[in-house]
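Have a look at start-v3.cif below; it lists mmCIF, C-alpha atoms.
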data_work
#
loop_
_atom_site.label_atom_id
_atom_site.label_comp_id
_atom_site.auth_asym_id
_atom_site.auth_seq_id
_atom_site.Cartn_x
_atom_site.Cartn_y
_atom_site.Cartn_z
CA MET A 1 0.00 0.00 0.00
CA GLY A 2 1.36 3.46 -0.94
CA GLN A 3 2.52 6.02 1.55
CA GLN A 4 -0.27 8.18 2.92
CA LYS A 5 -0.24 11.69 1.49
CA THR A 6 -0.10 14.32 4.22
CA ILE A 7 -0.32 18.10 4.27
CA PRO A 8 1.39 20.37 6.80
CA LEU A 9 -0.36 23.14 8.68
CA GLN A 10 -1.22 26.19 6.54
CA ALA A 11 -0.81 24.28 3.29
CA ASN A 12 -2.89 24.75 0.16
CA SER A 13 -3.91 21.47 -1.49
CA GLY A 14 -6.27 22.87 -4.12
CA TRP A 15 -9.96 22.23 -4.73
CA GLY A 16 -10.00 18.42 -4.80
CA PRO A 17 -9.94 17.89 -1.03
CA ILE A 18 -12.25 20.89 -0.57
CA ALA A 19 -14.79 19.24 -2.89
CA ILE A 20 -14.70 16.06 -0.78
CA ILE A 21 -15.19 18.03 2.44
CA ALA A 22 -18.05 19.93 0.79
CA GLY A 23 -19.75 16.61 0.04
CA LEU A 24 -19.31 15.59 3.67
CA PHE A 25 -20.92 18.83 4.83
CA PHE A 26 -23.93 18.05 2.65
CA VAL A 27 -24.28 14.75 4.51
CA PHE A 28 -23.81 16.49 7.88
CA GLY A 29 -26.58 18.93 7.01
CA PHE A 30 -28.97 16.25 5.81
CA VAL A 31 -28.71 14.29 9.05
CA THR A 32 -28.73 17.38 11.28
CA TRP A 33 -31.61 19.42 9.89
CA ILE A 34 -34.06 16.51 9.87
CA ASN A 35 -34.45 17.44 13.56
CA ALA A 36 -36.57 20.42 12.49
CA ILE A 37 -39.36 18.06 11.43
CA LEU A 38 -38.65 15.41 14.09
CA ILE A 39 -39.43 17.83 16.95
CA PRO A 40 -43.11 18.48 16.06
CA TYR A 41 -43.41 14.91 14.75
CA PHE A 42 -42.32 13.29 18.03
CA LYS A 43 -44.35 15.81 20.00
CA ILE A 44 -47.49 14.31 18.44
CA ALA A 45 -46.40 10.67 18.06
CA CYS A 46 -45.04 10.38 21.61
CA GLU A 47 -47.50 12.84 23.22
CA LEU A 48 -44.95 15.33 24.56
CA ASN A 49 -44.97 18.90 25.85
CA ASN A 50 -42.69 21.63 24.41
CA LEU A 51 -39.81 20.95 26.80
CA GLN A 52 -39.91 17.20 26.20
CA SER A 53 -40.04 17.62 22.41
CA TYR A 54 -36.89 19.74 22.43
CA LEU A 55 -35.03 16.83 24.01
CA VAL A 56 -34.64 15.80 20.35
CA ALA A 57 -32.14 18.64 19.88
CA PHE A 58 -30.66 18.06 23.35
CA ALA A 59 -29.96 14.35 22.81
CA PHE A 60 -28.47 14.99 19.38
CA TYR A 61 -26.22 17.92 20.26
CA ILE A 62 -25.17 17.10 23.83
CA SER A 63 -23.07 14.34 22.29
CA TYR A 64 -20.80 17.06 20.91
CA LEU A 65 -19.92 18.02 24.50
CA VAL A 66 -19.46 14.39 25.57
CA PHE A 67 -17.49 13.19 22.55
CA ALA A 68 -15.46 16.24 21.48
CA VAL A 69 -12.36 15.34 23.51
CA PRO A 70 -12.64 11.60 22.76
CA SER A 71 -12.84 12.65 19.10
CA PHE A 72 -9.52 14.45 19.48
CA MET A 73 -8.01 11.35 21.10
CA LEU A 74 -9.34 9.15 18.29
CA LEU A 75 -7.92 11.44 15.60
CA GLU A 76 -4.57 11.51 17.40
CA ARG A 77 -4.49 7.73 17.46
CA VAL A 78 -5.78 6.74 14.01
CA GLY A 79 -5.55 9.92 11.92
CA PHE A 80 -8.18 12.06 10.26
CA LYS A 81 -9.42 9.66 7.56
CA ARG A 82 -9.79 6.55 9.73
CA GLY A 83 -11.37 8.76 12.36
CA MET A 84 -13.98 10.01 9.90
CA MET A 85 -14.71 6.47 8.78
CA THR A 86 -15.38 5.54 12.41
CA GLY A 87 -17.63 8.57 12.75
CA PHE A 88 -19.76 7.52 9.79
CA TRP A 89 -20.13 4.00 11.17
CA ILE A 90 -21.21 5.30 14.57
CA MET A 91 -23.79 7.49 12.83
CA ALA A 92 -25.05 4.47 10.89
CA ALA A 93 -25.55 2.60 14.17
CA GLY A 94 -27.57 5.55 15.49
CA ALA A 95 -29.83 5.51 12.43
CA PHE A 96 -30.51 1.78 12.85
CA ILE A 97 -31.54 2.33 16.50
CA PHE A 98 -34.59 4.17 15.13
CA VAL A 99 -36.02 0.86 13.89
CA PRO A 100 -36.66 -0.78 17.30
CA ALA A 101 -37.52 2.65 18.72
CA ALA A 102 -40.27 3.07 16.13
CA TYR A 103 -41.74 -0.42 16.60
CA THR A 104 -41.95 0.07 20.37
CA ARG A 105 -42.75 3.82 20.20
CA THR A 106 -40.17 4.37 22.94
CA TYR A 107 -39.11 8.01 23.08
CA GLU A 108 -36.03 7.22 25.18
CA LEU A 109 -34.81 4.82 22.51
CA PHE A 110 -35.34 7.48 19.84
CA LEU A 111 -33.23 9.82 21.96
CA LEU A 112 -30.49 7.16 22.21
CA GLY A 113 -30.46 6.91 18.43
CA LEU A 114 -30.17 10.68 18.13
CA PHE A 115 -27.38 10.75 20.71
CA THR A 116 -25.47 8.08 18.77
CA LEU A 117 -25.93 9.98 15.50
CA GLY A 118 -24.58 13.09 17.21
CA ALA A 119 -21.59 11.18 18.61
CA GLY A 120 -20.52 10.11 15.14
CA LEU A 121 -21.07 13.59 13.80
CA ALA A 122 -18.91 15.05 16.59
CA ILE A 123 -15.98 12.99 15.29
CA LEU A 124 -16.65 14.06 11.71
CA GLN A 125 -16.97 17.75 12.58
CA THR A 126 -13.78 17.67 14.65
CA ALA A 127 -11.93 16.26 11.64
CA ALA A 128 -13.58 18.19 8.81
CA ASN A 129 -13.50 21.78 10.07
CA PRO A 130 -9.68 22.06 10.39
CA TYR A 131 -9.40 21.06 6.74
CA ILE A 132 -11.40 24.13 5.73
CA THR A 133 -9.12 26.45 7.70
CA ILE A 134 -5.89 24.88 6.45
CA LEU A 135 -6.67 24.13 2.79
CA GLY A 136 -5.99 27.67 1.59
CA PRO A 137 -5.05 31.20 2.73
CA LYS A 138 -6.24 32.24 6.18
CA GLU A 139 -7.70 35.50 4.81
CA SER A 140 -10.17 33.64 2.59
CA ALA A 141 -11.17 30.95 5.10
CA ALA A 142 -14.62 32.51 5.43
CA ARG A 143 -15.17 31.97 1.70
CA ARG A 144 -14.40 28.26 2.07
CA PHE A 145 -16.63 28.03 5.13
CA SER A 146 -19.37 29.70 3.07
CA ILE A 147 -19.03 27.00 0.41
CA MET A 148 -19.35 24.34 3.11
CA GLY A 149 -22.29 26.22 4.57
CA ILE A 150 -24.09 26.24 1.23
CA CYS A 151 -23.67 22.47 0.99
CA ASN A 152 -24.84 22.05 4.58
CA LYS A 153 -27.86 24.31 4.27
CA LEU A 154 -28.82 23.01 0.83
CA ALA A 155 -29.13 19.62 2.49
CA GLY A 156 -31.03 21.37 5.27
CA ILE A 157 -33.55 22.73 2.79
CA ILE A 158 -34.02 19.35 1.14
CA ALA A 159 -34.02 17.14 4.24
CA PRO A 160 -37.08 18.50 6.14
CA LEU A 161 -39.15 18.67 2.95
CA LEU A 162 -38.13 15.18 1.81
CA PHE A 163 -38.53 13.71 5.28
CA ALA A 164 -41.90 15.43 5.75
CA ALA A 165 -43.04 14.06 2.39
CA VAL A 166 -42.18 10.55 3.60
CA ILE A 167 -43.67 10.68 7.10
CA LEU A 168 -46.49 13.25 6.78
CA ARG A 169 -49.60 12.80 4.65
CA PRO A 170 -52.25 15.28 3.43
CA THR A 171 -54.86 13.68 5.71
CA ASP A 172 -52.71 14.10 8.84
CA THR A 173 -54.08 17.55 9.67
CA GLN A 174 -57.55 16.13 10.16
CA LEU A 175 -56.14 13.05 11.89
CA PHE A 176 -54.28 15.18 14.45
CA LYS A 177 -57.48 17.07 15.22
CA GLU A 178 -59.35 13.81 15.84
CA LEU A 179 -56.75 12.32 18.19
CA GLY A 180 -58.17 14.04 21.27
CA GLY A 181 -61.59 12.46 20.76
CA MET A 182 -60.34 8.91 20.26
CA SER A 183 -60.37 6.17 22.86
CA SER A 184 -57.04 5.28 24.45
CA SER A 185 -56.66 2.07 22.44
CA ALA A 186 -57.59 3.71 19.12
CA ARG A 187 -55.26 6.64 19.74
CA ALA A 188 -52.40 4.26 20.67
CA LEU A 189 -52.95 2.32 17.44
CA VAL A 190 -52.82 5.49 15.33
CA LEU A 191 -49.74 6.81 17.12
CA ASP A 192 -47.96 3.45 16.71
CA GLY A 193 -48.51 3.66 12.98
CA LEU A 194 -47.30 7.26 12.94
CA ALA A 195 -44.07 6.35 14.77
CA GLN A 196 -43.35 3.44 12.42
CA ARG A 197 -43.23 5.75 9.41
CA VAL A 198 -39.58 6.53 10.25
CA VAL A 199 -38.42 2.91 9.85
CA VAL A 200 -37.77 2.94 6.10
CA PRO A 201 -36.12 6.39 5.83
CA TYR A 202 -33.74 5.77 8.74
CA THR A 203 -32.86 2.29 7.48
CA VAL A 204 -31.87 3.86 4.15
CA VAL A 205 -29.92 6.60 5.94
CA GLY A 206 -28.05 3.99 8.01
CA ILE A 207 -27.00 2.04 4.91
CA ILE A 208 -25.82 5.19 3.12
CA LEU A 209 -23.78 6.33 6.14
CA GLY A 210 -22.09 2.94 6.37
CA VAL A 211 -21.09 3.09 2.70
CA LEU A 212 -19.80 6.66 3.09
CA GLY A 213 -17.47 5.46 5.85
CA PHE A 214 -15.68 3.24 3.34
CA PHE A 215 -15.65 6.04 0.76
CA VAL A 216 -13.95 8.62 2.96
CA ARG A 217 -11.39 6.08 4.21
CA PHE A 218 -10.18 5.29 0.69
CA SER A 219 -10.70 8.74 -0.82
CA SER A 220 -7.92 11.04 -2.05
CA LEU A 221 -8.37 13.28 0.97
CA PRO A 222 -4.91 13.88 2.50
CA GLU A 223 -3.98 13.55 6.14
CA ILE A 224 -3.14 16.69 8.14
CA ASP A 225 0.36 16.67 9.62
CA THR A 226 0.13 18.65 12.84
CA ASP A 227 3.80 17.99 13.64
CA GLN A 228 4.86 20.38 10.89
CA GLU A 229 4.03 24.07 11.27
CA SER A 230 5.28 27.31 9.82
CA ALA A 231 7.94 29.35 11.62
CA GLU A 232 5.33 32.05 12.33
CA VAL A 233 2.92 29.62 13.97
CA ALA A 234 5.74 27.89 15.86
CA ALA A 235 6.76 31.24 17.35
CA ILE A 236 3.20 31.93 18.49
CA THR A 237 2.80 28.54 20.17
CA SER A 238 6.27 28.56 21.76
CA GLY A 239 5.95 28.19 25.52
CA LYS A 240 2.29 27.13 25.38
CA LYS A 241 1.72 23.98 27.41
CA HIS A 242 -2.02 23.40 27.03
CA ILE A 243 -4.93 24.56 24.97
CA LEU A 244 -6.52 26.73 27.68
CA GLU A 245 -3.63 29.17 27.31
CA PHE A 246 -5.31 30.49 24.14
CA PRO A 247 -8.06 32.87 25.36
CA HIS A 248 -9.22 33.69 21.83
CA LEU A 249 -9.98 29.97 21.40
CA VAL A 250 -11.80 29.58 24.73
CA LEU A 251 -13.89 32.69 24.12
CA GLY A 252 -14.44 31.47 20.57
CA ALA A 253 -15.82 28.16 21.88
CA ILE A 254 -18.33 30.11 23.99
CA ALA A 255 -19.21 32.12 20.88
CA ILE A 256 -19.74 28.89 18.91
CA PHE A 257 -21.94 27.58 21.76
CA LEU A 258 -24.20 30.63 21.60
CA HIS A 259 -24.15 30.93 17.82
CA VAL A 260 -25.15 27.37 17.00
CA GLY A 261 -27.81 27.43 19.72
CA SER A 262 -29.27 30.58 18.19
CA GLN A 263 -29.05 29.11 14.71
CA VAL A 264 -30.82 25.88 15.58
CA LEU A 265 -33.51 27.85 17.44
CA ALA A 266 -34.29 29.79 14.28
CA VAL A 267 -34.71 26.56 12.31
CA ASP A 268 -36.13 24.10 14.83
CA THR A 269 -38.68 26.42 16.48
CA VAL A 270 -40.13 28.15 13.44
CA ILE A 271 -42.56 25.31 12.67
CA GLY A 272 -43.93 25.33 16.21
CA TYR A 273 -44.07 29.13 16.26
CA ALA A 274 -45.92 29.26 12.92
CA HIS A 275 -48.28 26.53 14.15
CA SER A 276 -49.00 28.63 17.27
CA MET A 277 -50.07 31.41 14.90
CA GLY A 278 -52.73 29.17 13.34
CA ILE A 279 -50.74 27.73 10.44
CA SER A 280 -51.18 23.99 9.85
CA LEU A 281 -48.17 21.66 10.12
CA PRO A 282 -48.22 20.71 6.41
CA GLU A 283 -47.97 24.42 5.57
CA ALA A 284 -45.55 25.28 8.39
CA LYS A 285 -43.07 22.60 7.30
CA ALA A 286 -41.78 25.00 4.61
CA PHE A 287 -40.49 27.62 7.05
CA PRO A 288 -37.27 25.83 8.08
CA SER A 289 -36.40 25.68 4.38
CA TYR A 290 -37.03 29.43 4.06
CA THR A 291 -34.76 30.04 7.04
CA LEU A 292 -31.99 27.94 5.56
CA ALA A 293 -32.49 29.59 2.17
CA ALA A 294 -31.88 32.96 3.86
CA THR A 295 -28.69 31.50 5.30
CA MET A 296 -27.59 30.37 1.85
CA ILE A 297 -28.15 33.87 0.48
CA GLY A 298 -25.74 35.11 3.13
CA TYR A 299 -23.23 32.45 2.13
CA VAL A 300 -23.41 33.44 -1.54
CA LEU A 301 -22.82 37.07 -0.62
CA GLY A 302 -19.88 35.97 1.52
CA ILE A 303 -18.33 34.06 -1.35
CA SER A 304 -18.86 37.03 -3.68
CA LEU A 305 -17.64 39.79 -1.38
CA ILE A 306 -14.96 38.22 0.88
CA PRO A 307 -12.12 39.15 0.95
CA LYS A 308 -12.07 41.49 -2.07
CA TYR A 309 -14.85 43.87 -1.01
CA LEU A 310 -15.52 42.87 2.57
CA SER A 311 -13.31 41.42 5.28
CA GLN A 312 -14.55 38.30 7.04
CA LEU A 313 -14.28 40.19 10.34
CA LEU A 314 -16.59 42.99 9.15
CA ALA A 315 -19.04 40.39 7.84
CA LEU A 316 -19.03 38.77 11.30
CA ARG A 317 -19.74 42.11 12.97
CA ILE A 318 -22.60 42.93 10.59
CA CYS A 319 -24.25 39.55 11.15
CA THR A 320 -23.99 39.63 14.95
CA PHE A 321 -25.50 43.13 15.09
CA ALA A 322 -28.30 42.01 12.72
CA GLY A 323 -29.10 39.20 15.16
CA VAL A 324 -29.67 41.72 17.96
CA VAL A 325 -31.95 43.85 15.78
CA LEU A 326 -33.99 40.88 14.53
CA THR A 327 -34.52 39.59 18.07
CA PHE A 328 -36.25 42.85 19.00
CA LEU A 329 -38.30 42.74 15.80
CA ILE A 330 -39.50 39.19 16.56
CA ILE A 331 -40.69 40.26 20.00
CA TYR A 332 -42.24 43.64 19.27
CA THR A 333 -43.57 43.80 15.70
CA ASN A 334 -47.23 43.17 14.87
CA GLY A 335 -49.28 42.78 11.73
CA ASN A 336 -49.95 40.22 9.03
CA VAL A 337 -48.34 39.85 5.62
CA VAL A 338 -48.81 37.65 2.56
CA LEU A 339 -45.50 36.28 1.30
CA PHE A 340 -44.72 33.23 -0.86
CA GLY A 341 -48.39 32.31 -0.67
CA HIS A 342 -48.48 32.31 3.16
CA HIS A 343 -50.78 34.63 5.12
CA THR A 344 -48.78 34.96 8.33
CA HIS A 345 -47.84 37.17 11.25
CA ILE A 346 -44.86 39.32 10.24
CA SER A 347 -42.75 38.18 13.21
CA ILE A 348 -42.49 34.70 11.65
CA TRP A 349 -40.51 36.21 8.78
CA PHE A 350 -38.11 37.89 11.19
CA VAL A 351 -37.41 34.42 12.62
CA VAL A 352 -36.75 33.32 9.03
CA LEU A 353 -34.39 36.28 8.52
CA LEU A 354 -32.31 35.07 11.46
CA GLY A 355 -31.03 32.56 8.92
CA PHE A 356 -29.36 35.44 7.06
CA ALA A 357 -27.98 36.95 10.27
CA ASN A 358 -26.47 33.59 11.23
CA SER A 359 -24.90 32.95 7.83
CA MET A 360 -21.40 34.40 8.33
CA ILE A 361 -21.02 33.96 12.09
CA TRP A 362 -19.58 30.44 12.08
CA ALA A 363 -17.37 31.33 9.12
CA GLY A 364 -16.13 34.39 11.00
CA ILE A 365 -15.55 32.79 14.39
CA TRP A 366 -13.81 29.58 13.36
CA PRO A 367 -10.69 31.02 11.63
CA LEU A 368 -10.33 33.68 14.34
CA ALA A 369 -10.49 31.09 17.11
CA MET A 370 -8.15 28.63 15.34
CA ASP A 371 -5.58 31.30 14.45
CA GLY A 372 -2.06 30.39 15.56
CA LEU A 373 -2.88 27.11 17.33
CA GLY A 374 -0.20 25.16 15.46
CA ARG A 375 0.37 21.72 16.99
CA PHE A 376 -2.68 22.30 19.21
CA ILE A 377 -5.01 22.31 16.20
CA LYS A 378 -6.69 18.93 16.86
CA ILE A 379 -7.49 19.62 20.50
CA GLY A 380 -8.41 23.20 19.55
CA ALA A 381 -10.88 21.89 16.99
CA SER A 382 -12.37 19.53 19.58
CA ILE A 383 -12.82 22.44 22.03
CA LEU A 384 -14.70 24.40 19.39
CA ILE A 385 -16.79 21.33 18.52
CA MET A 386 -17.75 21.12 22.20
CA GLY A 387 -19.40 24.48 21.61
CA LEU A 388 -21.90 22.73 19.36
CA SER A 389 -23.58 21.52 22.54
CA GLY A 390 -25.24 24.94 22.49
CA ASN A 391 -27.66 23.28 20.07
CA ALA A 392 -28.65 21.02 22.96
CA VAL A 393 -28.97 23.61 25.72
CA LEU A 394 -30.60 26.66 24.13
CA PRO A 395 -33.59 24.81 22.62
CA LEU A 396 -34.33 23.37 26.07
CA ILE A 397 -34.23 26.87 27.57
CA TYR A 398 -36.53 28.05 24.79
CA GLY A 399 -38.90 25.10 25.41
CA TYR A 400 -38.99 25.83 29.15
CA LEU A 401 -39.77 29.52 28.54
CA ALA A 402 -42.38 28.58 25.92
CA ASP A 403 -44.16 26.31 28.40
CA ARG A 404 -43.90 28.82 31.24
CA TYR A 405 -44.79 31.95 29.24
CA ASN A 406 -45.43 31.70 25.49
CA VAL A 407 -43.63 30.63 22.31
CA ARG A 408 -43.06 34.22 21.18
CA GLY A 409 -41.72 35.61 24.44
CA ALA A 410 -39.33 32.66 24.65
CA TYR A 411 -37.30 34.23 21.84
CA TRP A 412 -35.84 36.63 24.43
CA VAL A 413 -33.26 33.88 24.99
CA LEU A 414 -31.61 35.04 21.74
CA LEU A 415 -30.70 38.54 22.99
CA PRO A 416 -27.79 37.67 25.35
CA CYS A 417 -26.49 35.25 22.72
CA TYR A 418 -26.16 37.87 20.00
CA MET A 419 -24.82 40.45 22.43
CA TYR A 420 -21.96 38.13 23.40
CA LEU A 421 -21.28 37.41 19.74
CA CYS A 422 -20.97 41.17 19.17
CA PHE A 423 -18.42 41.25 22.02
CA TYR A 424 -16.33 38.50 20.46
CA ALA A 425 -16.45 40.10 17.01
CA LEU A 426 -15.35 43.47 18.39
CA TYR A 427 -12.90 42.47 21.10
CA GLY A 428 -12.72 38.84 22.26
CA TYR A 429 -10.92 37.46 19.19
CA LYS A 430 -7.95 39.80 19.82
CA LEU A 431 -7.01 38.24 23.16
CA LYS A 432 -3.94 36.02 22.72
CA SER A 433 -2.99 35.90 26.41
CA TRP A 434 -4.97 35.84 29.65
CA ARG A 435 -2.51 38.37 31.05
CA SER A 436 -3.67 40.90 28.48
CA THR A 437 -7.28 40.46 29.70
CA LYS A 438 -6.23 41.17 33.29
CA ARG A 439 -4.23 44.22 32.26
CA LEU A 440 -7.09 45.63 30.20
CA SER A 441 -9.60 45.02 33.00
CA MET A 442 -7.46 47.14 35.34
CA GLU A 443 -7.24 50.08 32.95
#

Encoding of this model in structure tokens:
Amino acid sequence: MGQQKTIPLQANSGWGPIAIIAGLFFVFGFVTWINAILIPYFKIACELNNLQSYLVAFAFYISYLVFAVPSFMLLERVGFKRGMMTGFWIMAAGAFIFVPAAYTRTYELFLLGLFTLGAGLAILQTAANPYITILGPKESAARRFSIMGICNKLAGIIAPLLFAAVILRPTDTQLFKELGGMSSSARALVLDGLAQRVVVPYTVVGIILGVLGFFVRFSSLPEIDTDQESAEVAAITSGKKHILEFPHLVLGAIAIFLHVGSQVLAVDTVIGYAHSMGISLPEAKAFPSYTLAATMIGYVLGISLIPKYLSQLLALRICTFAGVVLTFLIIYTNGNVVLFGHHTHISIWFVVLLGFANSMIWAGIWPLAMDGLGRFIKIGASILIMGLSGNAVLPLIYGYLADRYNVRGAYWVLLPCYMYLCFYALYGYKLKSWRSTKRLSME
């Protein structure tokens, strides 16, 4: 067998490896954004309240917190490509867990399947994101992240619509209305049939994920050699003994936590919010796709404007400030509009526009947080991936507030998130030493 091709830190390997990573991000998005339809689906099929239904997001994304550091250890031991193969196989196992979960209509077993899917994805994300930063100039990293984002969100547009087409039927609206008047045995029989609709799609997903594991293992994707680093990066990391000595990374992980939580809220809650405004589920299922389409518009603008007309840092600042403004508009605006054939409350479209505000935040944070990590890049990536657990925590907070108050007022949870992101975009990314933070706090 030939010698494994490797690339050093800050190398440029052209568009071939980037195309492979882009394909992987499409797969990541397809598996991830199905949650937008699973939340209202399980709420009905398993008879859940708002808080319980958002355990879908919690079970899926909390695995990022649990498995981020083990992912780093796995990549250290077996390398990036074998690590990604393992990640795909773990995800396949999670998809197959849905089969017994559906036949027994056991919500806890569904959550185990989601947790296992998330565990595999944590490994894949820990491996894939450093490639995007390294495979090209640092100044244009946001452009490459935008390309990955388009692939991810394109899958996100397709997945809920395709999945809804498989598991939801035109007669379901009337069926859901009749559930309350059914006897216990009749309702249980209907709900059993509803839960079993996921068996075929998740069996297919499991098979595809297993095959993809073999593909990525034997693909032309090079390994990343973290033992070789440029003289500039070596000078920055000289004297650093552990990853927590990089404050811009730690603060960046917090920013990732809040950003992804805000992003998933915009996608995963919009169906429930639209439904609360009197829109049926078959009609409301389109709104996550609108939100992700708004995100893709932001990505296209990023690719077109960065870095020639707009720096990735300025794009980050614009998007974080837009998030603050849109949060207030969601809470305070009133009135109805007709758009894309939907007669809706205007605040629903401001939730959709959060997709645009979120578009360049990940792409802006990641290269800033990973800057100058050198030989710490794998553990640094795993720390940032831990931030993806924000997808688990913030939806639960939203669900709690929605149950306690109302689904609209619960969007207040977004305000502190976007305010912190503004802080990181303006100041936090500059901190390369904790001593500088102490000195500045005394001035």

Residues at most 8 Å from stretch 152-161 of chain A, counting all atoms listed in the file, excluding those fewer than 3 positions away in the same chain, as a PyMOL selection string?
chain A and resi 25-37+148-149+164-165+285-286+288-290+292-293+295-296

Let me know the residues the PyMOL selection byres ((chain A and resi 200) around 12) catches in the file above, as a VMD selection string.
chain A and resid 95 to 96 98 to 100 102 to 103 163 166 to 167 195 to 199 201 to 207

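The space between atom CA of A:Phe246 and atom CA of A:Pro137 spans 21.4 Å.
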
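When all atoms listed in the file are used to compute distances to A:Lys81, the closest of the residues A:Ala128, A:Val337, A:Ala425, A:Leu326 turns out to be A:Ala128.
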
So which residues get picked by the PyMOL selection byres ((chain A and resi 302) around 10) here, written as number ranges by chain?
A: 142-147, 296-301, 303-307, 309-312, 315, 359-360, 363

Hits from the PyMOL selection byres ((chain A and resi 433) around 9), listed as a PyMOL selection string:
chain A and resi 245-248+431-432+434-437

Nearest to A:Phe350 by atom-to-atom distance, counting all atoms listed in the file, from A:Asn406, A:Thr291, A:Asn129, A:Thr320
A:Thr291

Test item: residues at most 7 Å from A:Ala284, only C-alpha atoms, excluding those fewer than 2 positions along its chain, as a count of residues only
9

Using only C-alpha atoms, the shortest atom-to-atom distance to A:Thr104 among A:Ile397, A:Ala19, A:Leu212, A:Leu189 belongs to A:Leu189
